[in-house]
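The next block is protein-v3.cif, given as mmCIF, C-alpha atoms.
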data_data
loop_
_atom_site.group_PDB
_atom_site.id
_atom_site.type_symbol
_atom_site.label_atom_id
_atom_site.label_comp_id
_atom_site.auth_asym_id
_atom_site.auth_seq_id
_atom_site.Cartn_x
_atom_site.Cartn_y
_atom_site.Cartn_z
ATOM 1 C CA MET A 448 -14.118 -15.026 9.125
ATOM 2 C CA SER A 449 -14.822 -12.246 6.658
ATOM 3 C CA GLU A 450 -14.763 -11.515 2.947
ATOM 4 C CA HIS A 451 -13.492 -8.356 1.306
ATOM 5 C CA LYS A 452 -14.639 -7.604 -2.208
ATOM 6 C CA ALA A 453 -13.662 -5.305 -5.018
ATOM 7 C CA PHE A 454 -15.392 -4.867 -8.370
ATOM 8 C CA LEU A 455 -13.224 -4.013 -11.389
ATOM 9 C CA GLN A 456 -14.504 -2.647 -14.678
ATOM 10 C CA TRP A 457 -12.635 -2.087 -17.949
ATOM 11 C CA GLN A 458 -13.889 -1.720 -21.493
ATOM 12 C CA LEU A 459 -12.218 -1.412 -24.867
ATOM 13 C CA THR A 460 -12.765 1.978 -26.463
ATOM 14 C CA ASP A 461 -13.722 2.299 -30.123
ATOM 15 C CA GLY A 462 -10.675 2.725 -32.338
ATOM 16 C CA GLU A 463 -8.252 0.917 -30.032
ATOM 17 C CA ASP A 464 -6.333 -2.097 -31.330
ATOM 18 C CA PHE A 465 -6.465 -4.721 -28.604
ATOM 19 C CA LEU A 466 -4.501 -7.400 -30.488
ATOM 20 C CA LYS A 467 -1.593 -5.000 -31.081
ATOM 21 C CA GLY A 468 -1.575 -3.882 -27.438
ATOM 22 C CA ARG A 469 -2.733 -0.363 -28.335
ATOM 23 C CA TYR A 470 -5.540 0.052 -25.818
ATOM 24 C CA SER A 471 -6.074 2.008 -22.641
ATOM 25 C CA ARG A 472 -5.384 0.288 -19.344
ATOM 26 C CA GLU A 473 -7.642 2.736 -17.486
ATOM 27 C CA HIS A 474 -10.313 1.037 -15.423
ATOM 28 C CA ALA A 475 -12.230 1.514 -12.178
ATOM 29 C CA TRP A 476 -12.177 -0.196 -8.788
ATOM 30 C CA THR A 477 -15.440 -0.065 -6.861
ATOM 31 C CA PHE A 478 -15.635 -1.194 -3.261
ATOM 32 C CA ASP A 479 -18.539 -2.467 -1.184
ATOM 33 C CA GLY A 480 -19.180 0.905 0.450
ATOM 34 C CA GLY A 481 -19.622 2.529 -2.967
ATOM 35 C CA CYS A 482 -16.231 4.224 -3.258
ATOM 36 C CA SER A 483 -14.965 4.153 -6.833
ATOM 37 C CA VAL A 484 -11.286 4.692 -7.610
ATOM 38 C CA PRO A 485 -9.895 5.405 -11.073
ATOM 39 C CA ALA A 486 -7.135 2.892 -11.767
ATOM 40 C CA SER A 487 -4.614 2.213 -14.508
ATOM 41 C CA ALA A 488 -1.450 0.344 -15.250
ATOM 42 C CA SER A 489 1.621 2.204 -14.052
ATOM 43 C CA PRO A 490 3.313 4.368 -16.706
ATOM 44 C CA SER A 491 6.547 2.626 -15.644
ATOM 45 C CA VAL A 492 5.024 -0.624 -16.919
ATOM 46 C CA VAL A 493 2.739 0.501 -19.758
ATOM 47 C CA PRO A 494 3.734 3.676 -21.641
ATOM 48 C CA LEU A 495 1.541 6.731 -22.109
ATOM 49 C CA PRO A 496 -1.091 7.191 -23.508
ATOM 50 C CA MET A 497 -2.155 3.615 -22.757
ATOM 51 C CA SER A 498 -1.780 4.271 -19.016
ATOM 52 C CA ASN A 499 -2.830 7.226 -16.898
ATOM 53 C CA PRO A 500 -0.415 8.475 -14.225
ATOM 54 C CA ALA A 501 -3.244 10.351 -12.468
ATOM 55 C CA ASN A 502 -4.941 7.040 -11.619
ATOM 56 C CA VAL A 503 -3.936 4.567 -8.929
ATOM 57 C CA ASP A 504 -1.932 1.640 -10.232
ATOM 58 C CA PRO A 505 -1.861 -1.822 -8.624
ATOM 59 C CA GLU A 506 1.707 -1.392 -7.410
ATOM 60 C CA GLU A 507 0.852 1.873 -5.612
ATOM 61 C CA ALA A 508 -2.260 0.263 -4.160
ATOM 62 C CA PHE A 509 -0.189 -2.656 -2.875
ATOM 63 C CA VAL A 510 2.263 -0.317 -1.129
ATOM 64 C CA ALA A 511 -0.611 1.767 0.255
ATOM 65 C CA ALA A 512 -2.376 -1.355 1.547
ATOM 66 C CA ILE A 513 0.738 -2.469 3.426
ATOM 67 C CA ALA A 514 1.339 1.026 4.848
ATOM 68 C CA SER A 515 -2.316 1.497 5.797
ATOM 69 C CA CYS A 516 -2.567 -1.898 7.481
ATOM 70 C CA HIS A 517 0.646 -1.261 9.428
ATOM 71 C CA MET A 518 -0.632 2.156 10.541
ATOM 72 C CA LEU A 519 -3.972 0.755 11.701
ATOM 73 C CA SER A 520 -2.206 -2.036 13.602
ATOM 74 C CA PHE A 521 0.251 0.466 15.090
ATOM 75 C CA LEU A 522 -2.542 2.775 16.275
ATOM 76 C CA TYR A 523 -4.273 -0.178 17.931
ATOM 77 C CA VAL A 524 -1.085 -1.397 19.647
ATOM 78 C CA ALA A 525 -0.104 2.129 20.766
ATOM 79 C CA SER A 526 -3.547 2.749 22.266
ATOM 80 C CA ARG A 527 -3.380 -0.544 24.190
ATOM 81 C CA LYS A 528 0.077 0.375 25.535
ATOM 82 C CA GLY A 529 -1.125 3.808 26.709
ATOM 83 C CA PHE A 530 0.538 5.997 24.074
ATOM 84 C CA ALA A 531 -1.772 8.695 22.692
ATOM 85 C CA VAL A 532 -1.090 9.300 18.995
ATOM 86 C CA ARG A 533 -2.002 12.735 17.603
ATOM 87 C CA SER A 534 -0.927 12.126 14.006
ATOM 88 C CA TYR A 535 0.641 9.453 11.827
ATOM 89 C CA GLU A 536 1.941 9.899 8.312
ATOM 90 C CA ASP A 537 4.025 7.643 6.140
ATOM 91 C CA ALA A 538 5.881 8.128 2.871
ATOM 92 C CA ALA A 539 6.027 4.413 2.005
ATOM 93 C CA VAL A 540 8.158 3.200 -0.908
ATOM 94 C CA GLY A 541 7.896 -0.104 -2.745
ATOM 95 C CA THR A 542 10.721 -1.394 -4.922
ATOM 96 C CA MET A 543 10.257 -3.682 -7.900
ATOM 97 C CA SER A 544 12.978 -6.133 -8.823
ATOM 98 C CA LYS A 545 13.244 -9.460 -10.622
ATOM 99 C CA ASN A 546 12.804 -12.674 -8.691
ATOM 100 C CA GLU A 547 14.807 -15.891 -9.190
ATOM 101 C CA ARG A 548 12.700 -16.665 -12.310
ATOM 102 C CA GLY A 549 13.330 -13.201 -13.795
ATOM 103 C CA VAL A 550 9.767 -12.035 -13.097
ATOM 104 C CA LEU A 551 9.163 -8.527 -11.751
ATOM 105 C CA TRP A 552 7.663 -8.293 -8.264
ATOM 106 C CA ILE A 553 7.538 -5.805 -5.422
ATOM 107 C CA SER A 554 10.381 -7.277 -3.428
ATOM 108 C CA ASN A 555 10.338 -4.838 -0.550
ATOM 109 C CA VAL A 556 8.345 -2.020 0.954
ATOM 110 C CA VAL A 557 9.952 0.511 3.264
ATOM 111 C CA LEU A 558 7.627 2.309 5.639
ATOM 112 C CA ASN A 559 8.761 5.737 6.824
ATOM 113 C CA PRO A 560 6.285 6.624 9.554
ATOM 114 C CA ARG A 561 6.352 10.001 11.285
ATOM 115 C CA ILE A 562 4.294 9.899 14.441
ATOM 116 C CA GLU A 563 3.329 12.675 16.818
ATOM 117 C CA TYR A 564 2.203 11.827 20.327
ATOM 118 C CA HIS A 565 0.288 13.885 22.864
ATOM 119 C CA GLY A 566 -0.850 13.534 26.427
ATOM 120 C CA GLY A 567 2.565 13.831 28.029
ATOM 121 C CA ARG A 568 3.768 10.250 27.461
ATOM 122 C CA ALA A 569 5.879 9.524 24.400
ATOM 123 C CA PRO A 570 7.554 6.162 23.851
ATOM 124 C CA THR A 571 11.307 5.689 24.052
ATOM 125 C CA ARG A 572 13.228 4.578 20.933
ATOM 126 C CA GLU A 573 13.088 0.981 22.188
ATOM 127 C CA GLU A 574 9.345 1.231 22.829
ATOM 128 C CA VAL A 575 8.769 2.669 19.343
ATOM 129 C CA ASP A 576 10.659 -0.251 17.807
ATOM 130 C CA SER A 577 8.637 -2.681 19.928
ATOM 131 C CA LEU A 578 5.340 -1.035 18.919
ATOM 132 C CA HIS A 579 6.249 -1.314 15.226
ATOM 133 C CA HIS A 580 7.385 -4.919 15.644
ATOM 134 C CA GLU A 581 4.107 -5.864 17.324
ATOM 135 C CA ALA A 582 2.075 -3.908 14.750
ATOM 136 C CA HIS A 583 3.900 -5.688 11.909
ATOM 137 C CA GLY A 584 3.077 -9.042 13.479
ATOM 138 C CA GLN A 585 -0.613 -8.116 13.659
ATOM 139 C CA CYS A 586 -0.942 -6.580 10.173
ATOM 140 C CA PHE A 587 -3.239 -8.752 8.039
ATOM 141 C CA ILE A 588 -1.614 -7.619 4.799
ATOM 142 C CA ALA A 589 1.987 -8.123 5.963
ATOM 143 C CA ASN A 590 0.984 -11.623 7.073
ATOM 144 C CA SER A 591 -0.416 -12.275 3.584
ATOM 145 C CA VAL A 592 2.552 -11.405 1.368
ATOM 146 C CA LYS A 593 6.119 -12.574 0.819
ATOM 147 C CA THR A 594 7.360 -9.027 0.220
ATOM 148 C CA GLU A 595 9.901 -7.870 2.782
ATOM 149 C CA VAL A 596 8.431 -5.014 4.844
ATOM 150 C CA THR A 597 10.862 -2.746 6.686
ATOM 151 C CA VAL A 598 9.920 0.011 9.103
ATOM 152 C CA ASN A 599 12.376 2.909 9.066
ATOM 153 C CA THR A 600 12.086 4.586 12.473
ATOM 154 C CA ALA A 601 15.199 6.759 12.089
ATOM 155 C CA ASP A 602 14.436 10.448 12.413
#
For the file at hand, write its structure as structure tokens.
Amino acid sequence: MSEHKAFLQWQLTDGEDFLKGRYSREHAWTFDGGCSVPASASPSVVPLPMSNPANVDPEEAFVAAIASCHMLSFLYVASRKGFAVRSYEDAAVGTMSKNERGVLWISNVVLNPRIEYHGGRAPTREEVDSLHHEAHGQCFIANSVKTEVTVNTAD
């Protein structure tokens, strides 16, 4: 099969008090192609100034990974079914809640794709639902998590 790697780097800054929890959660993610992404804990989890809202947090990255994987699977399925996609955008939303043990987790992700077709052949509502269902079944990330993933196809 294949491996997918990420390198994370964080370092304590002079003057921060690690043992009292007064340290920055800013860090960097570097991927095999060389792309580096500034990351941080979410300000909804760790208050400012110990987090940085301008950076990507793990929860956002999780939602983006699900949405991106679904989109890539959808584009593949649509192309195989003869539907030409011109554009695809999604305003995905993940919701955190407490599980049965009282631990926070991202319990569901709602995808809100807006897709534009071209070439004279657009799918019917039933075909759109079928394309999303098949794409969800093929998405590597959706197949890897217990989070409920819902695709909102309502206009």
List the residues matched by the PyMOL selection byres ((chain A and resi 586) around 9) in the displayed structure as a JSON list (two decimals) with C-alpha atoms, in the frame of the given file, ordered by chain and then by residue number.
[["chain", "number", "residue", "atom", "x", "y", "z"],
["A", 513, "ILE", "CA", 0.74, -2.47, 3.43],
["A", 516, "CYS", "CA", -2.57, -1.90, 7.48],
["A", 517, "HIS", "CA", 0.65, -1.26, 9.43],
["A", 518, "MET", "CA", -0.63, 2.16, 10.54],
["A", 519, "LEU", "CA", -3.97, 0.76, 11.70],
["A", 520, "SER", "CA", -2.21, -2.04, 13.60],
["A", 521, "PHE", "CA", 0.25, 0.47, 15.09],
["A", 581, "GLU", "CA", 4.11, -5.86, 17.32],
["A", 582, "ALA", "CA", 2.08, -3.91, 14.75],
["A", 583, "HIS", "CA", 3.90, -5.69, 11.91],
["A", 584, "GLY", "CA", 3.08, -9.04, 13.48],
["A", 585, "GLN", "CA", -0.61, -8.12, 13.66],
["A", 587, "PHE", "CA", -3.24, -8.75, 8.04],
["A", 588, "ILE", "CA", -1.61, -7.62, 4.80],
["A", 589, "ALA", "CA", 1.99, -8.12, 5.96],
["A", 590, "ASN", "CA", 0.98, -11.62, 7.07],
["A", 591, "SER", "CA", -0.42, -12.28, 3.58]]
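Using all atoms listed in the file, the smallest distance between any of A:Pro494, A:Gly529, A:Gly541, A:Pro500 and Tyr470 in chain A comes from A:Pro494.
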Atomic distance CA of Thr571 in chain A - CA of Glu536 in chain A, expressed in Å with one decimal: 18.8 Å
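The residue that comes closest to His451 in chain A, out of A:Ser491, A:Phe465, A:Gly480, A:Gly567 and on the basis of all atoms listed in the file, is A:Gly480.
When only C-alpha atoms are used to compute distances to Ser534 in chain A, the closest of the residues A:Glu547, A:Glu507, A:Glu563, A:Glu595 turns out to be A:Glu563.
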Please expand the PyMOL selection byres ((chain A and resi 559) around 6) into the concrete residues it hits in this file, giving the result as a tab-separated table (two decimals) with C-alpha atoms, keeping the file's coordinate frame.
chain	number	residue	atom	x	y	z
A	537	ASP	CA	4.03	7.64	6.14
A	538	ALA	CA	5.88	8.13	2.87
A	539	ALA	CA	6.03	4.41	2.00
A	558	LEU	CA	7.63	2.31	5.64
A	560	PRO	CA	6.28	6.62	9.55
A	599	ASN	CA	12.38	2.91	9.07
Can you tell me which residues surround Val596 in chain A at a distance of at most 7 Å, considering only C-alpha atoms, apart from same-chain residues fewer than 3 positions away, and format the answer as number ranges by chain? A: 555-557
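With CA of Thr597 in chain A on one side and CA of Ser577 in chain A on the other, the separation reads 13.4 Å.
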What would range 549-560 of chain A look like with N, CA and C atoms in place, written as a CSV table (one decimal), in the coordinates of the input?
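Written file, result.csv:
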chain,number,residue,atom,x,y,z
A,549,GLY,N,13.2,-14.4,-12.9
A,549,GLY,CA,13.3,-13.2,-13.8
A,549,GLY,C,12.0,-12.4,-13.9
A,550,VAL,N,11.1,-12.7,-13.0
A,550,VAL,CA,9.8,-12.0,-13.1
A,550,VAL,C,9.8,-10.8,-12.1
A,551,LEU,N,9.2,-9.7,-12.6
A,551,LEU,CA,9.2,-8.5,-11.8
A,551,LEU,C,8.2,-8.8,-10.6
A,552,TRP,N,8.5,-8.3,-9.4
A,552,TRP,CA,7.7,-8.3,-8.3
A,552,TRP,C,8.1,-7.2,-7.3
A,553,ILE,N,7.2,-6.8,-6.4
A,553,ILE,CA,7.5,-5.8,-5.4
A,553,ILE,C,8.2,-6.6,-4.3
A,554,SER,N,9.6,-6.5,-4.3
A,554,SER,CA,10.4,-7.3,-3.4
A,554,SER,C,10.5,-6.7,-2.0
A,555,ASN,N,10.4,-5.4,-1.9
A,555,ASN,CA,10.3,-4.8,-0.6
A,555,ASN,C,9.6,-3.5,-0.5
A,556,VAL,N,9.1,-3.3,0.7
A,556,VAL,CA,8.3,-2.0,1.0
A,556,VAL,C,9.0,-1.4,2.2
A,557,VAL,N,9.4,-0.2,2.1
A,557,VAL,CA,10.0,0.5,3.3
A,557,VAL,C,8.9,1.5,3.7
A,558,LEU,N,8.6,1.4,5.0
A,558,LEU,CA,7.6,2.3,5.6
A,558,LEU,C,8.5,3.4,6.3
A,559,ASN,N,8.1,4.6,6.2
A,559,ASN,CA,8.8,5.7,6.8
A,559,ASN,C,7.8,6.5,7.7
A,560,PRO,N,7.3,5.9,8.8
A,560,PRO,CA,6.3,6.6,9.6
A,560,PRO,C,6.9,7.8,10.3
